[in-house]
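To be precise, the following lines are query-v8.txt, and they hold compact mmCIF, C-alpha atoms and all ligand atoms.
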```
# COMPACT_ATOMS: atom_id res chain seq x y z
CA MET X 255 0.00 0.00 0.00
CA ALA X 256 1.34 3.43 -0.99
CA GLY X 257 0.37 5.03 2.34
CA ASP X 258 2.27 2.39 4.27
CA ALA X 259 5.40 2.78 2.17
CA THR X 260 5.28 6.54 2.73
CA ALA X 261 4.86 6.09 6.49
CA THR X 262 7.73 3.59 6.58
CA ARG X 263 10.00 5.98 4.69
CA TYR X 264 9.03 8.90 6.91
CA HIS X 265 9.73 6.97 10.10
CA ARG X 266 12.99 5.57 8.77
CA ILE X 267 14.27 9.09 8.07
CA GLN X 268 13.03 10.35 11.45
CA PHE X 269 14.70 7.43 13.20
CA ARG X 270 18.06 8.06 11.53
CA LEU X 271 17.94 11.79 12.21
CA GLY X 272 17.00 10.96 15.81
CA LEU X 273 20.09 8.77 16.16
CA VAL X 274 22.34 11.48 14.72
CA SER X 275 20.88 14.07 17.03
CA PHE X 276 21.25 11.79 20.04
CA ALA X 277 24.89 10.98 19.18
CA LEU X 278 25.72 14.67 18.66
CA GLY X 279 24.12 15.66 21.95
CA VAL X 280 25.93 12.97 23.93
CA GLY X 281 29.19 13.70 22.09
CA TYR X 282 28.95 17.35 23.00
CA ILE X 283 28.43 16.81 26.74
CA VAL X 284 31.16 14.16 26.89
CA ALA X 285 33.51 16.57 25.06
CA VAL X 286 32.74 19.37 27.55
CA LEU X 287 33.51 17.00 30.40
CA ALA X 288 36.62 15.43 28.87
CA THR X 289 38.19 18.74 27.80
CA GLY X 290 37.49 20.32 31.19
CA GLY X 291 35.38 23.03 29.54
CA ALA X 292 32.99 23.28 32.47
CA ALA X 293 35.88 23.37 34.95
CA SER X 294 37.60 26.27 33.11
CA LEU X 295 34.32 28.16 32.97
CA ALA X 296 33.75 27.62 36.71
CA GLY X 297 37.35 28.69 37.41
CA ALA X 298 36.91 31.89 35.40
CA VAL X 299 33.97 33.02 37.55
CA ASP X 300 35.35 31.75 40.83
CA GLU X 301 34.43 34.91 42.76
CA TRP X 302 30.75 34.74 41.73
CA PRO X 303 28.21 33.43 44.22
CA TRP X 304 27.67 29.66 43.88
CA TRP X 305 24.17 29.92 42.40
CA ALA X 306 25.36 32.30 39.69
CA GLN X 307 28.18 29.90 38.77
CA VAL X 308 25.67 27.06 38.57
CA ALA X 309 23.36 29.18 36.41
CA LEU X 310 26.18 30.18 34.06
CA ILE X 311 27.41 26.62 33.53
CA ALA X 312 23.88 25.25 33.16
CA ALA X 313 23.05 28.00 30.64
CA ALA X 314 26.30 27.49 28.71
CA LEU X 315 25.69 23.73 28.53
CA GLY X 316 22.01 24.06 27.66
CA ILE X 317 22.29 26.87 25.12
CA ALA X 318 25.27 25.38 23.25
CA HIS X 319 23.50 22.01 23.20
CA ARG X 320 20.36 23.59 21.70
CA VAL X 321 22.31 25.60 19.14
CA LEU X 322 24.29 22.54 18.07
CA LEU X 323 21.12 20.49 17.60
CA ALA X 324 18.98 23.32 16.16
CA PRO X 325 19.46 22.34 12.48
CA LEU X 326 18.41 18.76 13.27
CA ALA X 327 15.47 19.94 15.35
CA TRP X 328 14.35 22.06 12.37
CA LEU X 329 14.72 19.11 9.98
CA ARG X 330 12.84 16.69 12.24
CA GLY X 331 10.25 19.04 13.62
CA TRP X 332 9.41 21.29 10.70
CA TRP X 333 10.96 20.45 7.34
CA LEU X 334 10.29 16.71 7.24
CA PRO X 335 6.74 16.76 8.69
CA ARG X 336 5.87 19.53 6.22
CA ARG X 337 7.33 17.59 3.33
CA TYR X 338 5.17 14.61 4.27
CA GLY X 339 2.04 16.74 4.65
CA LEU X 340 1.75 16.30 8.41
CA LEU X 341 2.46 19.91 9.32
CA HIS X 342 1.40 23.12 7.61
CA GLN X 343 2.54 25.66 10.18
CA SER X 344 4.68 28.50 8.84
CA LEU X 345 8.28 28.54 10.03
CA GLY X 346 7.52 31.65 12.10
CA ALA X 347 4.56 30.04 13.87
CA TRP X 348 6.54 26.84 14.44
CA LEU X 349 9.45 28.81 15.90
CA GLY X 350 6.97 30.64 18.15
CA ASP X 351 5.74 27.33 19.59
CA GLN X 352 9.33 26.13 19.97
CA ALA X 353 10.28 29.33 21.81
CA LYS X 354 7.42 28.87 24.29
CA ALA X 355 8.34 25.23 24.90
CA LEU X 356 12.01 26.17 25.23
CA ALA X 357 11.27 28.96 27.72
CA LEU X 358 9.23 26.56 29.86
CA SER X 359 11.84 23.81 29.83
CA ALA X 360 14.71 26.28 30.43
CA LEU X 361 12.90 27.76 33.43
CA LEU X 362 12.12 24.34 34.92
CA GLY X 363 15.57 22.96 34.09
CA LEU X 364 17.38 25.90 35.66
CA ALA X 365 15.21 25.80 38.78
CA GLY X 366 15.86 22.05 39.05
CA VAL X 367 19.64 22.44 38.75
CA GLU X 368 19.70 25.25 41.33
CA VAL X 369 17.68 23.17 43.80
CA VAL X 370 20.00 20.18 43.32
CA TYR X 371 23.11 22.32 43.90
CA ALA X 372 21.58 24.05 46.92
CA LEU X 373 20.94 20.58 48.38
CA LEU X 374 24.43 19.36 47.45
CA ARG X 375 25.85 22.23 49.51
CA ALA X 376 23.42 21.93 52.41
CA THR X 377 23.39 18.15 52.81
CA PRO X 378 26.03 16.30 50.76
CA GLN X 379 24.92 13.00 52.40
CA TRP X 380 21.20 13.19 51.71
CA TRP X 381 20.85 15.59 48.78
CA TRP X 382 19.50 12.83 46.52
CA LEU X 383 16.66 12.04 48.92
CA PHE X 384 15.51 15.67 49.26
CA ALA X 385 15.96 16.22 45.52
CA TRP X 386 13.73 13.19 44.94
CA VAL X 387 11.00 14.59 47.19
CA ALA X 388 11.23 17.94 45.34
CA ALA X 389 11.00 16.12 41.99
CA LEU X 390 7.89 14.21 43.12
CA ALA X 391 6.21 17.47 44.15
CA LEU X 392 7.11 18.98 40.77
CA TYR X 393 5.67 16.00 38.84
CA VAL X 394 2.35 16.25 40.69
CA LEU X 395 2.25 20.02 40.22
CA LEU X 396 2.97 19.66 36.49
CA ALA X 397 0.27 17.03 36.09
CA VAL X 398 -2.22 19.42 37.69
CA VAL X 399 -1.22 22.67 35.92
CA LEU X 400 -0.43 21.17 32.50
CA PRO X 401 -4.02 21.17 31.24
CA VAL X 402 -4.93 24.45 32.93
CA TRP X 403 -1.95 26.69 32.16
CA ILE X 404 0.26 24.99 29.63
CA VAL X 405 -2.18 23.60 27.03
CA PRO X 406 -3.74 27.09 26.47
CA LEU X 407 -0.25 28.46 25.69
CA PHE X 408 -0.25 26.32 22.55
CA TYR X 409 -3.95 25.99 21.62
CA ARG X 410 -7.09 28.03 21.59
CA LEU X 411 -9.81 26.01 23.28
CA THR X 412 -13.49 26.40 22.45
CA PRO X 413 -16.48 24.41 23.73
CA LEU X 414 -17.62 21.70 21.29
CA ALA X 415 -20.44 23.21 19.21
CA ASP X 416 -22.04 19.91 18.13
CA GLU X 417 -24.62 19.44 20.92
CA THR X 418 -25.53 15.86 20.01
CA LEU X 419 -21.92 14.71 20.03
CA ARG X 420 -21.25 16.64 23.24
CA ALA X 421 -24.19 15.00 25.03
CA ARG X 422 -23.10 11.59 23.75
CA LEU X 423 -19.50 12.00 24.98
CA LEU X 424 -20.49 13.40 28.38
CA ALA X 425 -22.99 10.56 28.81
CA LEU X 426 -20.25 8.02 28.11
CA ALA X 427 -17.97 9.67 30.68
CA THR X 428 -20.74 9.58 33.29
CA ARG X 429 -21.65 6.00 32.46
CA VAL X 430 -18.10 4.71 33.03
CA GLY X 431 -17.77 6.61 36.32
CA ALA X 432 -15.46 9.43 35.19
CA PRO X 433 -17.90 12.35 34.71
CA ALA X 434 -16.48 15.41 32.94
CA ILE X 435 -17.54 19.06 33.12
CA GLY X 436 -17.43 19.68 29.38
CA VAL X 437 -15.94 19.00 25.96
CA TRP X 438 -13.40 21.45 24.51
CA VAL X 439 -11.95 21.57 21.02
CA ALA X 440 -8.30 22.55 20.43
CA ASP X 441 -7.45 24.30 17.14
CA GLN X 442 -4.82 21.78 16.05
CA SER X 443 -5.81 22.08 12.36
CA ARG X 444 -4.15 25.51 12.32
CA LYS X 445 -0.82 23.69 12.74
CA SER X 446 -1.13 20.15 11.56
CA ARG X 447 -3.40 17.38 10.31
CA THR X 448 -2.53 15.02 13.18
CA ALA X 449 -5.36 14.01 15.50
CA ASN X 450 -5.66 13.15 19.16
CA ALA X 451 -7.91 13.44 22.17
CA ALA X 452 -7.39 13.56 25.90
CA VAL X 453 -9.29 13.61 29.14
CA VAL X 454 -7.50 16.06 31.44
CA GLY X 455 -7.92 17.21 35.02
CA LEU X 456 -9.13 15.21 37.96
CA GLY X 457 -12.42 14.85 39.78
CA ARG X 458 -14.55 17.97 39.48
CA THR X 459 -12.23 19.64 36.96
CA ARG X 460 -12.17 16.70 34.56
CA ARG X 461 -12.71 17.81 30.97
CA ILE X 462 -12.59 16.25 27.53
CA LEU X 463 -10.24 17.73 24.92
CA LEU X 464 -10.54 16.94 21.21
CA PHE X 465 -8.24 18.12 18.45
CA ASP X 466 -10.47 19.76 15.82
CA THR X 467 -8.81 17.40 13.30
CA MET X 468 -11.05 14.70 14.81
CA LEU X 469 -14.28 16.48 13.96
CA GLY X 470 -14.47 14.65 10.62
CA PHE X 471 -14.63 11.29 12.39
CA ALA X 472 -17.94 9.43 12.69
CA PRO X 473 -19.49 9.93 16.18
CA ARG X 474 -18.91 6.24 17.07
CA GLU X 475 -15.23 6.68 16.20
CA VAL X 476 -14.86 9.77 18.40
CA GLU X 477 -16.61 7.79 21.11
CA ALA X 478 -14.11 4.91 20.75
CA VAL X 479 -11.15 7.28 21.13
CA LEU X 480 -12.77 8.96 24.12
CA ALA X 481 -13.56 5.59 25.71
CA HIS X 482 -9.87 4.71 25.51
CA GLU X 483 -8.95 8.00 27.22
CA LEU X 484 -11.60 7.44 29.90
CA GLY X 485 -10.08 4.01 30.47
CA HIS X 486 -6.90 5.77 31.60
CA HIS X 487 -8.94 7.70 34.16
CA VAL X 488 -10.91 4.74 35.43
CA HIS X 489 -7.64 2.77 35.79
CA HIS X 490 -5.89 5.75 37.50
CA ASP X 491 -3.12 5.58 34.90
CA LEU X 492 -1.98 9.14 35.62
CA TRP X 493 -0.98 8.07 39.14
CA ARG X 494 0.53 4.84 37.82
CA GLY X 495 2.65 6.89 35.43
CA LEU X 496 3.71 9.31 38.16
CA ALA X 497 4.62 6.38 40.44
CA ALA X 498 6.72 4.81 37.68
CA GLN X 499 8.42 8.15 37.06
CA GLY X 500 9.02 8.48 40.80
CA VAL X 501 10.75 5.10 40.98
CA LEU X 502 12.91 5.94 37.97
CA THR X 503 13.84 9.33 39.46
CA LEU X 504 14.83 7.70 42.76
CA VAL X 505 17.05 5.19 40.93
CA SER X 506 18.63 8.00 38.85
CA PHE X 507 19.37 10.11 41.92
CA VAL X 508 20.86 7.21 43.88
CA VAL X 509 23.09 6.30 40.92
CA ALA X 510 23.92 10.00 40.47
CA ALA X 511 24.91 10.30 44.15
CA ILE X 512 27.29 7.35 43.83
CA ALA X 513 28.67 8.54 40.49
CA LEU X 514 29.15 12.11 41.70
CA SER X 515 31.13 10.96 44.75
CA ALA X 516 33.35 8.90 42.46
CA GLY X 517 33.47 11.77 39.95
CA VAL X 518 35.06 14.18 42.45
CA GLY X 519 38.31 12.20 42.14
CA TRP X 520 37.96 11.32 38.46
CA TRP X 521 37.25 14.84 37.23
CA GLY X 522 39.25 16.78 39.83
CA LEU X 523 36.20 18.51 41.33
CA ARG X 524 36.61 20.72 44.40
CA ASP X 525 33.79 18.82 46.13
CA LEU X 526 30.36 17.38 45.36
CA SER X 527 28.82 20.83 44.91
CA ASP X 528 31.49 22.03 42.43
CA PRO X 529 29.41 23.25 39.45
CA ALA X 530 32.13 21.89 37.12
CA GLY X 531 30.58 18.48 37.86
CA LEU X 532 27.35 19.43 36.09
CA PRO X 533 28.16 17.72 32.74
CA TRP X 534 29.03 14.51 34.61
CA LEU X 535 25.75 14.68 36.54
CA ALA X 536 23.87 15.21 33.25
CA ILE X 537 25.59 12.21 31.63
CA VAL X 538 24.82 9.88 34.55
CA ILE X 539 21.16 10.92 34.87
CA GLY X 540 20.77 10.75 31.08
CA ALA X 541 22.30 7.24 30.96
CA VAL X 542 19.94 5.91 33.64
CA GLY X 543 17.00 7.50 31.80
CA LEU X 544 18.09 5.95 28.52
CA ALA X 545 18.50 2.50 30.07
CA ALA X 546 14.96 2.78 31.44
CA VAL X 547 13.33 3.68 28.09
CA PRO X 548 12.54 0.08 27.00
CA LEU X 549 11.17 -0.74 30.46
CA GLY X 550 9.05 2.41 30.59
CA ASN X 551 7.70 1.71 27.10
CA ALA X 552 6.82 -1.88 27.97
CA TYR X 553 4.88 -0.62 30.99
CA SER X 554 3.20 2.06 28.86
CA ARG X 555 2.18 -0.49 26.18
CA TRP X 556 0.59 -2.61 28.89
CA ILE X 557 -1.36 0.43 30.18
CA GLU X 558 -2.42 1.37 26.62
CA ARG X 559 -3.54 -2.15 25.85
CA ARG X 560 -5.73 -2.17 28.96
CA ALA X 561 -7.25 1.18 27.92
CA ASP X 562 -8.05 -0.33 24.49
CA GLU X 563 -9.69 -3.33 26.14
CA PHE X 564 -11.68 -0.98 28.34
CA ALA X 565 -12.83 1.04 25.30
CA LEU X 566 -13.93 -2.10 23.45
CA ARG X 567 -15.78 -3.37 26.50
CA VAL X 568 -17.70 -0.18 27.35
CA THR X 569 -18.61 0.79 23.77
CA ASP X 570 -19.15 -2.78 22.59
CA ASP X 571 -18.43 -1.41 19.11
CA PRO X 572 -15.23 -2.93 17.67
CA GLN X 573 -16.12 -1.45 14.27
CA GLY X 574 -16.09 2.09 15.71
CA PHE X 575 -12.71 1.39 17.35
CA ILE X 576 -11.23 -0.04 14.15
CA GLY X 577 -12.55 2.94 12.17
CA ALA X 578 -10.94 5.35 14.63
CA MET X 579 -7.60 3.48 14.48
CA GLU X 580 -7.65 3.54 10.67
CA ARG X 581 -8.30 7.28 10.62
CA LEU X 582 -5.68 8.04 13.27
CA ALA X 583 -3.11 5.89 11.46
CA GLY X 584 -3.79 7.79 8.22
CA LEU X 585 -3.79 11.29 9.69
CA ASN X 586 -0.79 10.71 11.94
CA LEU X 587 1.14 8.79 9.26
CA ALA X 588 1.65 6.01 11.79
CA GLU X 589 3.98 3.12 11.15
CA ARG X 590 1.34 0.40 11.27
CA ARG X 591 3.67 -2.52 11.68
CA PRO X 592 7.09 -1.40 12.91
CA HIS X 593 9.91 -3.89 13.26
CA ARG X 594 9.23 -5.94 16.42
CA VAL X 595 12.50 -4.85 18.03
CA LYS X 596 11.73 -1.19 17.33
CA GLU X 597 8.27 -1.63 18.81
CA LEU X 598 9.65 -3.34 21.93
CA LEU X 599 12.31 -0.68 22.55
CA LEU X 600 10.72 2.57 21.41
CA TYR X 601 6.92 2.31 21.18
CA SER X 602 4.80 3.68 24.00
CA HIS X 603 1.66 2.25 22.34
CA PRO X 604 1.13 -1.15 20.73
CA ALA X 605 1.51 -0.97 16.93
CA ILE X 606 -1.73 0.08 15.17
CA ASP X 607 -2.06 -3.24 13.31
CA ARG X 608 -1.87 -5.09 16.61
CA ARG X 609 -4.52 -2.84 18.18
CA ILE X 610 -6.82 -3.40 15.19
CA ALA X 611 -6.24 -7.16 15.24
CA ARG X 612 -7.29 -7.32 18.90
CA ALA X 613 -10.49 -5.39 18.14
CA ARG X 614 -11.21 -7.72 15.18
CA ALA X 615 -10.81 -10.72 17.46
CA ARG X 616 -13.70 -9.40 19.58
CA ARG X 617 -16.12 -9.06 16.70
ZN ZN I 1 -3.84 5.90 25.77
```

What would you get if you wrote out this structure as structure tokens?
Amino acid sequence: MAGDATATRYHRIQFRLGLVSFALGVGYIVAVLATGGAASLAGAVDEWPWWAQVALIAAALGIAHRVLLAPLAWLRGWWLPRRYGLLHQSLGAWLGDQAKALALSALLGLAGVEVVYALLRATPQWWWLFAWVAALALYVLLAVVLPVWIVPLFYRLTPLADETLRARLLALATRVGAPAIGVWVADQSRKSRTANAAVVGLGRTRRILLFDTMLGFAPREVEAVLAHELGHHVHHDLWRGLAAQGVLTLVSFVVAAIALSAGVGWWGLRDLSDPAGLPWLAIVIGAVGLAAVPLGNAYSRWIERRADEFALRVTDDPQGFIGAMERLAGLNLAERRPHRVKELLLYSHPAIDRRIARARARR
């Protein structure tokens, strides 16, 4: 099928560019560490207060890293998706979105690094434990504010105008025990053809979000997608995900504490809180995160499969589910049947063909 060949080609190019960008990023941080770049920078501003030294080194690392990878980010995020008809945002609008995302991640990243270094100074023995508690608080806060403050930075949200569909979706949410206060539509079509839906917020603030690119779907197909999202709520998958992230963060910080102690001797650091150790800390935390990717994805695929089963059970409409999967696969240019190894290592959802086959088996 022509569509499949196009999707395969698109994902092959994305995958290769992803590898190049990963190798460049790692190469850069290792080079900064090995050449003593961070140490010279810290030495040059020795008389600055500690937090300003940390900020300077973090900014130098982060900005240079972004600049180095900017051409690849442009290729992967704008040029290639546009070439394959997924994106139609102008370069200016795309850069605007990137700038907002960058500002958010820079702010959070800098605050995180400052907290870690403050703890390294205050309690060299237990910094990792306090840093872990701070990270947990941040994850919960992000999960709560993401739909309220962050989504509106990128989308204009309007209440769903189609009354019949709205009543149908809200009735489904109530029926499965996850009532929502309304259905909002995000203006995704301004940027891209890709489609998605989400149920965000908890308890009395729970609301349904649809990308306007889904408005061409048949009502039973929208219902199937929504039922999957409601499955995540009924199964408390948000908390499951946060718990998994919490465990991973604890492991990373424990490994980082051990590696940083060893790193003082290896990299000639003044002590644990020497900001010249920042690249080493980044490498260790990054390596633990990378090692955990296949495990995290396996867990995520299990969660997604359960949400699919939930959707099929509560709608009792495999045809609606299959229709929705077909449309999503087409719009999102999904790789329907990725190589099994690729799926096992990198896919957070089961492959589309597998999801459809399971729905067919229920018919
Ligand atoms: Zn899902």

Write out, as CSV, each residue of chain X that has an atom at most 7 Å from ligand ZN 1 (chain I), together with the closest pair of atoms and their distance in Å to one decimal, counting only C-alpha atoms and all ligand atoms, rows going by chain and rising number.
```
residue,atom,partner,partner_atom,distance
X:His482,CA,I:ZN1,ZN,6.2
X:Glu483,CA,I:ZN1,ZN,5.7
X:His486,CA,I:ZN1,ZN,6.6
X:Glu558,CA,I:ZN1,ZN,4.8
X:Ala561,CA,I:ZN1,ZN,6.2
```

Exercise for review: Could you tell me how far CA of Gly540 in chain X lies from CA of Ser515 in chain X, in Å and to one decimal?
Suggested key: 17.2 Å

Show which residues sit within 12 Å of Ala545 in chain X, as a PDB file with C-alpha atoms, keeping the file's coordinate frame. Count only C-alpha atoms, and ignore same-chain residues fewer than 6 positions away.
```pdb
ATOM      1  CA  LEU X 502      12.910   5.940  37.970  1.00  0.00           C
ATOM      2  CA  VAL X 505      17.050   5.190  40.930  1.00  0.00           C
ATOM      3  CA  SER X 506      18.630   8.000  38.850  1.00  0.00           C
ATOM      4  CA  VAL X 538      24.820   9.880  34.550  1.00  0.00           C
ATOM      5  CA  ILE X 539      21.160  10.920  34.870  1.00  0.00           C
ATOM      6  CA  ASN X 551       7.700   1.710  27.100  1.00  0.00           C
ATOM      7  CA  LEU X 599      12.310  -0.680  22.550  1.00  0.00           C
ATOM      8  CA  LEU X 600      10.720   2.570  21.410  1.00  0.00           C
TER       9      LEU X 600
END
```

Exercise for review: Just give me the gap between CA of Leu480 in chain X and CA of Ser602 in chain X in Å, one decimal is fine.
Suggested key: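 We find that CA of Leu480 in chain X and CA of Ser602 in chain X lie 18.3 Å from each other.
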
Check your understanding: Quick one: residues within 9 Å of range 388-402 of chain X, only C-alpha atoms counted, chain neighbours fewer than 4 positions away excluded, as a ChimeraX atom specification?
Key -> /X:366,369,383-384,406,454-456,492-493,496-497,499-500,503

Check your understanding: Do you have the CA of Tyr282 in chain X-CA of Ala306 in chain X distance handy?
Key ->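 Atom-to-atom, CA of Tyr282 in chain X to CA of Ala306 in chain X, that is 22.7 Å.
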
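Minimum atom-to-atom distances from X:Gly495, X:Trp302, X:Met579, X:Leu535 to Ala510 in chain X were compared using all atoms listed in the file, and the lowest value belongs to X:Leu535.
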
**Study point:** Of the listed residues X:Leu340, X:Ala285, X:Ala613, X:Val453, that which approaches Asp491 in chain X most closely, counting only C-alpha atoms
**Key:** X:Val453

Check your understanding: Counting only C-alpha atoms, which of X:Val274, X:Val308, X:Ala385, X:Val286 gets nearest to Ala511 in chain X?
Key -> X:Ala385

**Study point:** Exercise: Leu426 in chain X partners within 10 Å, all atoms listed in the file, chain neighbours under 5 positions left out, as a ChimeraX atom specification
**Key:** /X:420-421,431-434,477,480-481,484,568-569

Check your understanding: Could you pull the residues within 10 Å of Ala415 in chain X, counting only C-alpha atoms, minus those fewer than 5 positions along the same chain, as an NGL selection string?
Key -> :X and (420 or 437-439)

Would you list the residues near (-11.3, 5.5, 14.8) (no more than 12 Å away, in the coordinates of the file, using all atoms listed in the file) as an mmCIF file with C-alpha atoms, keeping the file's coordinate frame?
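Below is the file result-v9.cif, written as the result:
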```cif
data_model
loop_
_atom_site.group_PDB
_atom_site.id
_atom_site.type_symbol
_atom_site.label_atom_id
_atom_site.label_comp_id
_atom_site.auth_asym_id
_atom_site.auth_seq_id
_atom_site.Cartn_x
_atom_site.Cartn_y
_atom_site.Cartn_z
ATOM 1 C CA ALA X 449 -5.360 14.010 15.500
ATOM 2 C CA ASN X 450 -5.660 13.150 19.160
ATOM 3 C CA ALA X 451 -7.910 13.440 22.170
ATOM 4 C CA MET X 468 -11.050 14.700 14.810
ATOM 5 C CA LEU X 469 -14.280 16.480 13.960
ATOM 6 C CA GLY X 470 -14.470 14.650 10.620
ATOM 7 C CA PHE X 471 -14.630 11.290 12.390
ATOM 8 C CA ALA X 472 -17.940 9.430 12.690
ATOM 9 C CA PRO X 473 -19.490 9.930 16.180
ATOM 10 C CA ARG X 474 -18.910 6.240 17.070
ATOM 11 C CA GLU X 475 -15.230 6.680 16.200
ATOM 12 C CA VAL X 476 -14.860 9.770 18.400
ATOM 13 C CA GLU X 477 -16.610 7.790 21.110
ATOM 14 C CA ALA X 478 -14.110 4.910 20.750
ATOM 15 C CA VAL X 479 -11.150 7.280 21.130
ATOM 16 C CA LEU X 480 -12.770 8.960 24.120
ATOM 17 C CA ALA X 481 -13.560 5.590 25.710
ATOM 18 C CA HIS X 482 -9.870 4.710 25.510
ATOM 19 C CA ASP X 562 -8.050 -0.330 24.490
ATOM 20 C CA ALA X 565 -12.830 1.040 25.300
ATOM 21 C CA LEU X 566 -13.930 -2.100 23.450
ATOM 22 C CA ASP X 571 -18.430 -1.410 19.110
ATOM 23 C CA PRO X 572 -15.230 -2.930 17.670
ATOM 24 C CA GLN X 573 -16.120 -1.450 14.270
ATOM 25 C CA GLY X 574 -16.090 2.090 15.710
ATOM 26 C CA PHE X 575 -12.710 1.390 17.350
ATOM 27 C CA ILE X 576 -11.230 -0.040 14.150
ATOM 28 C CA GLY X 577 -12.550 2.940 12.170
ATOM 29 C CA ALA X 578 -10.940 5.350 14.630
ATOM 30 C CA MET X 579 -7.600 3.480 14.480
ATOM 31 C CA GLU X 580 -7.650 3.540 10.670
ATOM 32 C CA ARG X 581 -8.300 7.280 10.620
ATOM 33 C CA LEU X 582 -5.680 8.040 13.270
ATOM 34 C CA ALA X 583 -3.110 5.890 11.460
ATOM 35 C CA GLY X 584 -3.790 7.790 8.220
ATOM 36 C CA LEU X 585 -3.790 11.290 9.690
ATOM 37 C CA ILE X 606 -1.730 0.080 15.170
ATOM 38 C CA ARG X 609 -4.520 -2.840 18.180
ATOM 39 C CA ILE X 610 -6.820 -3.400 15.190
ATOM 40 C CA ALA X 613 -10.490 -5.390 18.140
#
```
